[in-house]
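> Would you mind keeping the following structure in view while I ask a few things?
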4 protein chains.
Amino acid sequence: MKEEYYFRNLSNRERAIFEGGISMGALYHQFVGTPVNIESCSSLEKAIEESILLQPAIIDVKVSLNKNLIKDACGSMNYTSLEGSMLEVTLTTNVGSDVISTCISYDEELEYPIMYIKE
Amino acid sequence: MKEEYYFRNLSNRERAIFEGGISMGALYHQFVGTPVNIESCSSLEKAIEESILLQPAIIDVKVSLNKNLIKDACGSMNYTSLEGSMLEVTLTTNVGSDVISTCISYDEELEYPIMYIKE
Amino acid sequence: MKEEYYFRNLSNRERAIFEGGISMGALYHQFVGTPVNIESCSSLEKAIEESILLQPAIIDVKVSLNKNLIKDACGSMNYTSLEGSMLEVTLTTNVGSDVISTCISYDEELEYPIMYIKE
Amino acid sequence: MKEEYYFRNLSNRERAIFEGGISMGALYHQFVGTPVNIESCSSLEKAIEESILLQPAIIDVKVSLNKNLIKDACGSMNYTSLEGSMLEVTLTTNVGSDVISTCISYDEELEYPIMYIKE
C-alpha cells in the first residue's frame, strides 16, 4: 500500500501534527536513560538530531539538553542518566504546505515535561 | 501553566491525533529491544497496555504482539528482541467529544511498521 | 559456533558474574523511561521479571519498584517516567555449580543506582 | 558507602568482567530501536561511544555499526530501526591492573548477537 493511502483521512496540518507527536514520543523514550555528562552533551544532541530527522515529514530537529540540570544530577560518579526534564527540543514537520513546530519543555508547575505545538 | 493552555491552538480532533502520535512513538521506542518469546508475550502486552494508558488523553490500549514473527525470530537461544514489525497496537485517544484510533501495523510492501489514524 | 566456545576463557563464576552484569544493564536501559504510577507497578514488575528471565544463565529475577519514590515523582499528571533510583532488583545467575546474585539499589551518598554482586 | 566497598567480594578481573557485561547490556538496550541509515551512522556511533565511556571502569569503546545490514534493512522509507545484529562493539574495562575486552557480534549459526570476553 502506498504511504499516502494511510493518510487520506487526515488534512496536511493534521498529519504534520501527528508526525510531530510520533517523533517527539519516539525521541523521549529512545534516549531517556542514556548516560550523559557535560562533556558528552554535544555528541548526544547531534545523534538525536540526525536520527529523528530520518522520520517521516521531519524537516528540522533542534536538541538542546539542559546543562544545568545535567550538572546538578551528576553525583560522585560524574555522570547521570538522561531524564525527560533535561530535554529542550523543537521538531519541525512539513506536509504539503503545512509546517508545524512540536516542542517539549519542562513545566515546573505541572512537574511534567510537556509536549505541545507552537505556532 | 495549566495543561489546557498549551493546547489552545489545537482543535479537540487535532489534540487527539497529537496525543495518539506521541503515545505510539513512545510505545515503539520504549519497548523495542525487550527480550521476548511466546511464553512472555502476555505479561509484556499487559505492561505495555497499562503503562501507555497513563499518558494524556489515552482511554484504551490494545496490544497484540505477532506470535508468528516472534516464534520465527527465536533462534537457538529461545528468545528474541522485540522488533517494530511484531507490534500490532490500537490506541484510543479522547479529547472533548473527539475519539481517535491510532494504529501501527507492518506494511510488507513498504517494509515498514507504519503508524496511522483509523476512522 | 557453539555458545560454550565463547566462554572457554571464563570460569563458571566469572561467566555467572558476566551474565548478571549484562542482564542488569539490559534491564535498566530497556525499562527506564517507562510511564508508571502506583497502579501500574505490578504489571511492569512482572513484565521485567519475565523478559529478563529469558536471558542466558538467569534462573531468577525479583523486581520491586520503589513505590514511595514513584508516588513522590507523580506530579499533576498522575504518572511519572521510571528512573534508575526506583529500581530494586535481584537477579540470580547459575553457571555450572556457581550461583551469583546481582543487585541494583540506590546509594544516597553516591547519588547513584549502583549495581553489585551480593554473596 | 564508598563505591569500592560494594566490590570487596570481587577480584579485579571479576569486576572488570562485571562492568564490561553491564555496559554491553546497557548499550544494547539503550540504543536498539534508534532510527538509523548510512548517513546517520557516524553520529550514532560517536554518541554511543561517548555515553558508554562514562560508565564505571570503561576506558575505551569502539562501535562499528554493520553498514551492509543497515543498507539492506532500509525499505522504501530510507531508514530502519537499529537492531542487535547490526552492533559490532568492543568495550575495554580496567580495574587495578586487569584489562578486559568485552565484545558483541552476531553469530549466524546461533541466530543471536552474542556478548563475550575476548582475551
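Each chain of the C-alpha cells is named A, B, ... in the order shown, its residues numbered from 1; ligands are numbered from 1 in display order.
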Over every C-alpha pair, in sequence order, do a least-squares fit of chain C onto chain B and save the fitted chain as a compact mmCIF listing (two decimals) with N, CA, C and O atoms, in the first residue's frame.

# COMPACT_ATOMS: atom_id res chain seq x y z
N MET C 1 1.79 26.79 34.48
CA MET C 1 0.83 27.00 33.39
C MET C 1 -0.13 25.81 33.35
O MET C 1 0.29 24.67 33.53
N LYS C 2 -1.39 26.05 33.14
CA LYS C 2 -2.36 24.96 33.07
C LYS C 2 -2.13 24.14 31.81
O LYS C 2 -1.79 24.69 30.75
N GLU C 3 -2.35 22.84 31.94
CA GLU C 3 -2.15 21.93 30.81
C GLU C 3 -2.93 22.42 29.58
O GLU C 3 -2.41 22.42 28.47
N GLU C 4 -4.18 22.86 29.77
CA GLU C 4 -5.05 23.24 28.63
C GLU C 4 -4.47 24.42 27.85
O GLU C 4 -4.66 24.54 26.64
N TYR C 5 -3.76 25.29 28.57
CA TYR C 5 -3.20 26.47 27.92
C TYR C 5 -2.30 26.09 26.74
O TYR C 5 -2.27 26.77 25.71
N TYR C 6 -1.55 24.98 26.93
CA TYR C 6 -0.63 24.55 25.88
C TYR C 6 -1.35 24.14 24.60
O TYR C 6 -0.74 24.08 23.54
N PHE C 7 -2.64 23.82 24.73
CA PHE C 7 -3.34 23.22 23.59
C PHE C 7 -4.44 24.13 23.04
O PHE C 7 -5.29 23.69 22.29
N ARG C 8 -4.38 25.42 23.43
CA ARG C 8 -5.40 26.36 22.96
C ARG C 8 -5.36 26.58 21.45
O ARG C 8 -6.33 27.03 20.86
N ASN C 9 -4.23 26.21 20.83
CA ASN C 9 -4.10 26.38 19.38
C ASN C 9 -4.45 25.11 18.59
O ASN C 9 -4.24 25.05 17.37
N LEU C 10 -4.97 24.10 19.25
CA LEU C 10 -5.37 22.85 18.57
C LEU C 10 -6.86 22.61 18.77
O LEU C 10 -7.40 22.87 19.86
N SER C 11 -7.52 22.10 17.76
CA SER C 11 -8.90 21.62 17.94
C SER C 11 -8.86 20.33 18.76
O SER C 11 -7.80 19.71 18.92
N ASN C 12 -10.01 19.92 19.27
CA ASN C 12 -10.05 18.65 20.01
C ASN C 12 -9.55 17.49 19.15
O ASN C 12 -8.79 16.64 19.62
N ARG C 13 -10.00 17.47 17.90
CA ARG C 13 -9.56 16.39 16.99
C ARG C 13 -8.04 16.44 16.78
O ARG C 13 -7.38 15.41 16.82
N GLU C 14 -7.50 17.64 16.59
CA GLU C 14 -6.05 17.74 16.41
C GLU C 14 -5.29 17.28 17.65
O GLU C 14 -4.28 16.58 17.55
N ARG C 15 -5.79 17.64 18.82
CA ARG C 15 -5.07 17.19 20.02
C ARG C 15 -5.19 15.67 20.21
O ARG C 15 -4.22 15.02 20.63
N ALA C 16 -6.33 15.11 19.86
CA ALA C 16 -6.48 13.65 19.97
C ALA C 16 -5.50 12.95 19.02
O ALA C 16 -4.91 11.91 19.36
N ILE C 17 -5.31 13.51 17.83
CA ILE C 17 -4.34 12.97 16.86
C ILE C 17 -2.91 13.13 17.39
O ILE C 17 -2.10 12.20 17.31
N PHE C 18 -2.61 14.29 17.96
CA PHE C 18 -1.27 14.57 18.51
C PHE C 18 -0.93 13.58 19.63
O PHE C 18 0.14 12.97 19.64
N GLU C 19 -1.85 13.41 20.56
CA GLU C 19 -1.58 12.53 21.70
C GLU C 19 -1.49 11.06 21.26
O GLU C 19 -0.70 10.28 21.81
N GLY C 20 -2.26 10.69 20.24
CA GLY C 20 -2.14 9.33 19.69
C GLY C 20 -0.76 9.12 19.09
O GLY C 20 -0.13 8.07 19.28
N GLY C 21 -0.27 10.12 18.37
CA GLY C 21 1.08 10.02 17.79
C GLY C 21 2.16 9.92 18.86
O GLY C 21 3.03 9.06 18.79
N ILE C 22 2.07 10.80 19.86
CA ILE C 22 3.07 10.76 20.95
C ILE C 22 3.13 9.37 21.58
O ILE C 22 4.21 8.78 21.73
N SER C 23 1.95 8.84 21.93
CA SER C 23 1.94 7.58 22.67
C SER C 23 2.37 6.40 21.80
O SER C 23 2.98 5.46 22.31
N MET C 24 2.08 6.45 20.49
CA MET C 24 2.54 5.36 19.64
C MET C 24 4.06 5.42 19.46
O MET C 24 4.74 4.39 19.49
N GLY C 25 4.59 6.62 19.26
CA GLY C 25 6.05 6.76 19.18
C GLY C 25 6.73 6.34 20.47
O GLY C 25 7.77 5.67 20.47
N ALA C 26 6.12 6.70 21.59
CA ALA C 26 6.65 6.35 22.91
C ALA C 26 6.71 4.84 23.10
O ALA C 26 7.74 4.27 23.48
N LEU C 27 5.60 4.21 22.82
CA LEU C 27 5.47 2.75 22.99
C LEU C 27 6.52 2.02 22.15
O LEU C 27 7.21 1.12 22.64
N TYR C 28 6.64 2.40 20.90
CA TYR C 28 7.58 1.73 19.99
C TYR C 28 9.00 1.83 20.55
O TYR C 28 9.70 0.83 20.72
N HIS C 29 9.42 3.04 20.89
CA HIS C 29 10.83 3.24 21.24
C HIS C 29 11.12 2.87 22.69
O HIS C 29 12.28 2.68 23.05
N GLN C 30 10.10 2.75 23.52
CA GLN C 30 10.33 2.25 24.88
C GLN C 30 10.53 0.74 24.88
O GLN C 30 11.40 0.23 25.56
N PHE C 31 9.73 0.03 24.09
CA PHE C 31 9.69 -1.42 24.27
C PHE C 31 10.42 -2.22 23.20
O PHE C 31 10.73 -3.40 23.42
N VAL C 32 10.70 -1.64 22.02
CA VAL C 32 11.52 -2.36 21.04
C VAL C 32 12.86 -2.70 21.70
O VAL C 32 13.44 -1.87 22.39
N GLY C 33 13.30 -3.93 21.52
CA GLY C 33 14.53 -4.39 22.15
C GLY C 33 14.29 -5.30 23.36
O GLY C 33 15.20 -6.01 23.78
N THR C 34 13.07 -5.28 23.90
CA THR C 34 12.78 -6.11 25.08
C THR C 34 12.91 -7.61 24.74
O THR C 34 12.37 -8.06 23.75
N PRO C 35 13.62 -8.37 25.58
CA PRO C 35 13.66 -9.82 25.38
C PRO C 35 12.24 -10.41 25.45
O PRO C 35 11.48 -10.07 26.37
N VAL C 36 11.89 -11.27 24.49
CA VAL C 36 10.52 -11.81 24.45
C VAL C 36 10.52 -13.18 23.79
O VAL C 36 11.34 -13.46 22.93
N ASN C 37 9.65 -14.06 24.25
CA ASN C 37 9.31 -15.27 23.49
C ASN C 37 7.80 -15.53 23.69
O ASN C 37 7.10 -14.68 24.27
N ILE C 38 7.33 -16.64 23.17
CA ILE C 38 5.88 -16.90 23.22
C ILE C 38 5.35 -16.88 24.67
O ILE C 38 4.29 -16.33 24.94
N GLU C 39 6.15 -17.44 25.57
CA GLU C 39 5.69 -17.54 26.97
C GLU C 39 5.57 -16.18 27.65
O GLU C 39 4.75 -16.00 28.56
N SER C 40 6.40 -15.24 27.27
CA SER C 40 6.40 -13.95 27.98
C SER C 40 5.53 -12.89 27.29
O SER C 40 5.41 -11.77 27.78
N CYS C 41 4.92 -13.25 26.16
CA CYS C 41 4.12 -12.26 25.42
C CYS C 41 3.03 -11.62 26.27
O CYS C 41 2.84 -10.40 26.22
N SER C 42 2.32 -12.42 27.02
CA SER C 42 1.13 -11.83 27.64
C SER C 42 1.50 -10.86 28.75
O SER C 42 0.84 -9.83 28.93
N SER C 43 2.57 -11.13 29.50
CA SER C 43 2.95 -10.15 30.54
C SER C 43 3.49 -8.86 29.90
O SER C 43 3.27 -7.77 30.42
N LEU C 44 4.17 -9.00 28.77
CA LEU C 44 4.68 -7.80 28.10
C LEU C 44 3.53 -6.98 27.51
O LEU C 44 3.49 -5.75 27.64
N GLU C 45 2.59 -7.68 26.87
CA GLU C 45 1.42 -6.97 26.32
C GLU C 45 0.69 -6.18 27.42
O GLU C 45 0.32 -5.03 27.24
N LYS C 46 0.53 -6.82 28.58
CA LYS C 46 -0.21 -6.16 29.66
C LYS C 46 0.55 -4.95 30.21
O LYS C 46 -0.04 -3.90 30.49
N ALA C 47 1.87 -5.09 30.35
CA ALA C 47 2.67 -3.96 30.86
C ALA C 47 2.66 -2.79 29.88
O ALA C 47 2.60 -1.63 30.30
N ILE C 48 2.73 -3.09 28.59
CA ILE C 48 2.67 -2.01 27.58
C ILE C 48 1.32 -1.31 27.69
O ILE C 48 1.23 -0.08 27.75
N GLU C 49 0.25 -2.10 27.74
CA GLU C 49 -1.09 -1.51 27.82
C GLU C 49 -1.25 -0.62 29.05
O GLU C 49 -1.71 0.53 28.97
N GLU C 50 -0.86 -1.13 30.22
CA GLU C 50 -1.07 -0.36 31.46
C GLU C 50 -0.18 0.88 31.52
O GLU C 50 -0.57 1.91 32.08
N SER C 51 1.03 0.81 30.95
CA SER C 51 1.91 1.99 31.01
C SER C 51 1.43 3.09 30.05
O SER C 51 1.41 4.27 30.42
N ILE C 52 1.03 2.69 28.86
CA ILE C 52 0.63 3.70 27.87
C ILE C 52 -0.73 4.31 28.22
O ILE C 52 -1.00 5.48 27.91
N LEU C 53 -1.54 3.55 28.91
CA LEU C 53 -2.84 4.06 29.36
C LEU C 53 -2.69 5.25 30.32
O LEU C 53 -3.62 6.03 30.50
N LEU C 54 -1.51 5.40 30.92
CA LEU C 54 -1.28 6.53 31.84
C LEU C 54 -1.10 7.84 31.11
O LEU C 54 -1.22 8.91 31.73
N GLN C 55 -0.81 7.79 29.82
CA GLN C 55 -0.45 9.02 29.11
C GLN C 55 -1.67 9.88 28.79
O GLN C 55 -2.80 9.38 28.74
N PRO C 56 -1.45 11.19 28.57
CA PRO C 56 -2.56 12.12 28.39
C PRO C 56 -3.52 11.71 27.27
O PRO C 56 -3.08 11.33 26.18
N ALA C 57 -4.81 11.77 27.57
CA ALA C 57 -5.90 11.59 26.59
C ALA C 57 -6.12 10.14 26.16
O ALA C 57 -7.07 9.86 25.42
N ILE C 58 -5.29 9.23 26.62
CA ILE C 58 -5.44 7.81 26.23
C ILE C 58 -6.58 7.19 27.04
O ILE C 58 -6.57 7.25 28.27
N ILE C 59 -7.55 6.59 26.35
CA ILE C 59 -8.64 5.91 27.08
C ILE C 59 -8.67 4.41 26.85
O ILE C 59 -9.34 3.69 27.56
N ASP C 60 -7.91 3.92 25.87
CA ASP C 60 -7.84 2.47 25.66
C ASP C 60 -6.57 2.12 24.89
O ASP C 60 -6.13 2.88 24.02
N VAL C 61 -5.98 0.98 25.22
CA VAL C 61 -4.78 0.47 24.54
C VAL C 61 -4.94 -1.03 24.34
O VAL C 61 -5.18 -1.75 25.31
N LYS C 62 -4.85 -1.46 23.09
CA LYS C 62 -4.88 -2.91 22.80
C LYS C 62 -3.58 -3.28 22.12
O LYS C 62 -3.28 -2.77 21.03
N VAL C 63 -2.81 -4.17 22.77
CA VAL C 63 -1.53 -4.61 22.22
C VAL C 63 -1.61 -6.10 21.93
O VAL C 63 -1.94 -6.89 22.83
N SER C 64 -1.33 -6.47 20.70
CA SER C 64 -1.28 -7.88 20.35
C SER C 64 0.03 -8.10 19.61
O SER C 64 0.19 -7.66 18.47
N LEU C 65 0.98 -8.74 20.28
CA LEU C 65 2.27 -9.00 19.62
C LEU C 65 2.08 -10.10 18.59
O LEU C 65 1.27 -11.03 18.79
N ASN C 66 2.81 -10.05 17.49
CA ASN C 66 2.68 -11.04 16.41
C ASN C 66 3.44 -12.32 16.80
O ASN C 66 4.67 -12.38 16.68
N LYS C 67 2.70 -13.31 17.25
CA LYS C 67 3.33 -14.54 17.78
C LYS C 67 4.08 -15.31 16.69
O LYS C 67 5.08 -15.96 16.99
N ASN C 68 3.60 -15.29 15.46
CA ASN C 68 4.32 -16.00 14.39
C ASN C 68 5.70 -15.41 14.15
O ASN C 68 6.69 -16.13 14.05
N LEU C 69 5.76 -14.08 14.09
CA LEU C 69 7.06 -13.44 13.89
C LEU C 69 7.99 -13.70 15.08
O LEU C 69 9.19 -13.90 14.92
N ILE C 70 7.42 -13.68 16.28
CA ILE C 70 8.25 -13.92 17.47
C ILE C 70 8.80 -15.33 17.46
O ILE C 70 9.99 -15.56 17.69
N LYS C 71 7.92 -16.30 17.12
CA LYS C 71 8.38 -17.69 17.06
C LYS C 71 9.50 -17.85 16.03
O LYS C 71 10.53 -18.47 16.30
N ASP C 72 9.31 -17.26 14.85
CA ASP C 72 10.32 -17.38 13.79
C ASP C 72 11.66 -16.73 14.17
O ASP C 72 12.71 -17.17 13.73
N ALA C 73 11.59 -15.67 14.97
CA ALA C 73 12.81 -14.92 15.28
C ALA C 73 13.59 -15.55 16.43
O ALA C 73 14.74 -15.21 16.66
N CYS C 74 12.95 -16.47 17.18
CA CYS C 74 13.65 -17.12 18.29
C CYS C 74 14.62 -18.15 17.72
O CYS C 74 14.21 -19.16 17.16
N GLY C 75 15.91 -17.88 17.84
CA GLY C 75 16.91 -18.82 17.35
C GLY C 75 17.21 -19.85 18.43
O GLY C 75 16.35 -20.23 19.22
N SER C 76 18.44 -20.30 18.46
CA SER C 76 18.82 -21.37 19.37
C SER C 76 18.80 -20.92 20.83
O SER C 76 18.88 -21.75 21.73
N MET C 77 18.69 -19.62 21.07
CA MET C 77 18.67 -19.13 22.45
C MET C 77 17.25 -19.08 23.02
O MET C 77 17.05 -18.74 24.18
N ASN C 78 16.27 -19.37 22.16
CA ASN C 78 14.88 -19.49 22.62
C ASN C 78 14.21 -18.18 23.03
O ASN C 78 13.22 -18.17 23.75
N TYR C 79 14.77 -17.07 22.60
CA TYR C 79 14.05 -15.80 22.74
C TYR C 79 14.60 -14.84 21.71
O TYR C 79 15.60 -15.15 21.04
N THR C 80 13.95 -13.69 21.57
CA THR C 80 14.42 -12.69 20.61
C THR C 80 14.24 -11.31 21.23
O THR C 80 13.77 -11.18 22.36
N SER C 81 14.64 -10.27 20.50
CA SER C 81 14.39 -8.89 20.93
C SER C 81 13.15 -8.39 20.20
O SER C 81 13.03 -8.57 18.99
N LEU C 82 12.25 -7.75 20.91
CA LEU C 82 11.03 -7.23 20.29
C LEU C 82 11.40 -6.25 19.17
O LEU C 82 12.22 -5.34 19.37
N GLU C 83 10.80 -6.45 17.99
CA GLU C 83 11.00 -5.54 16.86
C GLU C 83 9.69 -4.83 16.51
O GLU C 83 8.60 -5.32 16.81
N GLY C 84 9.83 -3.70 15.84
CA GLY C 84 8.66 -2.92 15.46
C GLY C 84 7.66 -3.70 14.61
O GLY C 84 6.45 -3.50 14.73
N SER C 85 8.19 -4.60 13.78
CA SER C 85 7.30 -5.37 12.90
C SER C 85 6.39 -6.32 13.67
O SER C 85 5.40 -6.82 13.14
N MET C 86 6.74 -6.60 14.93
CA MET C 86 5.94 -7.52 15.75
C MET C 86 4.79 -6.83 16.48
O MET C 86 4.00 -7.48 17.17
N LEU C 87 4.72 -5.50 16.36
CA LEU C 87 3.72 -4.72 17.10
C LEU C 87 2.42 -4.61 16.32
O LEU C 87 2.40 -4.16 15.18
N GLU C 88 1.34 -5.00 16.95
CA GLU C 88 0.00 -4.71 16.43
C GLU C 88 -0.74 -4.04 17.56
O GLU C 88 -1.08 -4.68 18.56
N VAL C 89 -0.93 -2.75 17.42
CA VAL C 89 -1.42 -1.94 18.54
C VAL C 89 -2.50 -0.99 18.05
O VAL C 89 -2.39 -0.43 16.95
N THR C 90 -3.53 -0.82 18.84
CA THR C 90 -4.50 0.26 18.63
C THR C 90 -4.64 1.05 19.93
O THR C 90 -4.91 0.49 20.99
N LEU C 91 -4.41 2.36 19.81
CA LEU C 91 -4.58 3.29 20.93
C LEU C 91 -5.83 4.12 20.68
O LEU C 91 -6.03 4.58 19.55
N THR C 92 -6.61 4.37 21.71
CA THR C 92 -7.75 5.27 21.55
C THR C 92 -7.52 6.51 22.40
O THR C 92 -7.24 6.41 23.59
N THR C 93 -7.61 7.67 21.74
CA THR C 93 -7.49 8.94 22.47
C THR C 93 -8.82 9.68 22.42
O THR C 93 -9.58 9.56 21.45
N ASN C 94 -9.09 10.44 23.45
CA ASN C 94 -10.35 11.17 23.57
C ASN C 94 -10.06 12.58 24.10
O ASN C 94 -9.47 12.73 25.16
N VAL C 95 -10.47 13.57 23.31
CA VAL C 95 -10.36 14.96 23.75
C VAL C 95 -11.70 15.62 23.44
O VAL C 95 -12.14 15.62 22.27
N GLY C 96 -12.36 16.19 24.45
CA GLY C 96 -13.72 16.71 24.26
C GLY C 96 -14.60 15.57 23.77
O GLY C 96 -14.62 14.49 24.37
N SER C 97 -15.27 15.79 22.64
CA SER C 97 -16.12 14.70 22.12
C SER C 97 -15.44 13.97 20.96
O SER C 97 -16.06 13.15 20.30
N ASP C 98 -14.16 14.28 20.71
CA ASP C 98 -13.45 13.60 19.62
C ASP C 98 -12.72 12.35 20.12
O ASP C 98 -12.00 12.41 21.11
N VAL C 99 -12.94 11.28 19.39
CA VAL C 99 -12.31 9.99 19.71
C VAL C 99 -11.56 9.53 18.47
O VAL C 99 -12.12 9.51 17.37
N ILE C 100 -10.29 9.19 18.66
CA ILE C 100 -9.41 8.85 17.53
C ILE C 100 -8.72 7.51 17.82
O ILE C 100 -8.30 7.26 18.94
N SER C 101 -8.65 6.65 16.78
CA SER C 101 -7.89 5.39 16.92
C SER C 101 -6.57 5.51 16.18
O SER C 101 -6.56 5.76 14.96
N THR C 102 -5.48 5.31 16.89
CA THR C 102 -4.14 5.34 16.30
C THR C 102 -3.62 3.90 16.24
O THR C 102 -3.69 3.19 17.24
N CYS C 103 -3.11 3.52 15.07
CA CYS C 103 -2.69 2.13 14.86
C CYS C 103 -1.24 2.05 14.41
O CYS C 103 -0.72 3.01 13.83
N ILE C 104 -0.63 0.88 14.65
CA ILE C 104 0.62 0.54 13.99
C ILE C 104 0.47 -0.85 13.43
O ILE C 104 -0.06 -1.74 14.10
N SER C 105 0.86 -1.04 12.18
CA SER C 105 0.97 -2.41 11.66
C SER C 105 2.03 -2.44 10.58
O SER C 105 2.37 -1.42 9.98
N TYR C 106 2.60 -3.61 10.38
CA TYR C 106 3.71 -3.75 9.46
C TYR C 106 3.20 -3.82 8.02
O TYR C 106 2.34 -4.65 7.72
N ASP C 107 3.72 -2.97 7.14
CA ASP C 107 3.34 -2.99 5.74
C ASP C 107 4.47 -3.68 4.95
O ASP C 107 5.58 -3.17 4.86
N GLU C 108 4.14 -4.86 4.39
CA GLU C 108 5.16 -5.69 3.70
C GLU C 108 5.75 -4.95 2.51
O GLU C 108 6.94 -5.06 2.22
N GLU C 109 4.89 -4.21 1.80
CA GLU C 109 5.36 -3.56 0.58
C GLU C 109 6.32 -2.41 0.92
O GLU C 109 7.37 -2.25 0.28
N LEU C 110 5.96 -1.63 1.93
CA LEU C 110 6.84 -0.54 2.37
C LEU C 110 8.02 -1.06 3.19
O LEU C 110 8.97 -0.33 3.44
N GLU C 111 7.95 -2.30 3.63
CA GLU C 111 8.93 -2.86 4.60
C GLU C 111 9.07 -1.91 5.79
O GLU C 111 10.18 -1.50 6.14
N TYR C 112 7.95 -1.60 6.40
CA TYR C 112 7.94 -0.53 7.39
C TYR C 112 6.74 -0.70 8.31
O TYR C 112 5.63 -0.95 7.85
N PRO C 113 6.97 -0.56 9.62
CA PRO C 113 5.86 -0.61 10.57
C PRO C 113 5.21 0.76 10.61
O PRO C 113 5.73 1.67 11.24
N ILE C 114 4.10 0.92 9.92
CA ILE C 114 3.54 2.26 9.73
C ILE C 114 2.52 2.62 10.81
O ILE C 114 1.74 1.77 11.24
N MET C 115 2.59 3.85 11.27
CA MET C 115 1.65 4.38 12.26
C MET C 115 0.66 5.27 11.53
O MET C 115 1.06 6.12 10.74
N TYR C 116 -0.64 5.08 11.81
CA TYR C 116 -1.67 5.84 11.09
C TYR C 116 -2.93 5.97 11.94
O TYR C 116 -3.06 5.32 12.98
N ILE C 117 -3.83 6.80 11.46
CA ILE C 117 -5.11 7.01 12.14
C ILE C 117 -6.21 6.21 11.41
O ILE C 117 -6.30 6.30 10.18
N LYS C 118 -6.97 5.46 12.16
CA LYS C 118 -8.07 4.68 11.56
C LYS C 118 -9.39 5.32 11.98
O LYS C 118 -9.56 5.64 13.16
N GLU C 119 -10.31 5.54 11.05
CA GLU C 119 -11.60 6.14 11.47
C GLU C 119 -12.66 5.04 11.53
O GLU C 119 -12.70 4.16 10.70
> Among range 65-102 of chain B, which ones does DSSP assign to strand (DSSP E or B) (computed from the backbone)? Answer as a list in words.
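Strand (DSSP E or B) assignments inside range 65-102 of chain B correspond to Leu65, Thr80, Ser81, Leu87, Glu88, Val89, Thr90, Leu91, Thr92, Thr93, Asn94, Val95, Asp98, Val99, Ile100, Ser101 and Thr102 of chain B.
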> Can you list, as a ChimeraX atom specification, all residues belonging to chain D that DSSP tags as alpha helix (DSSP H)?
/D:12-31,41-52,67-73
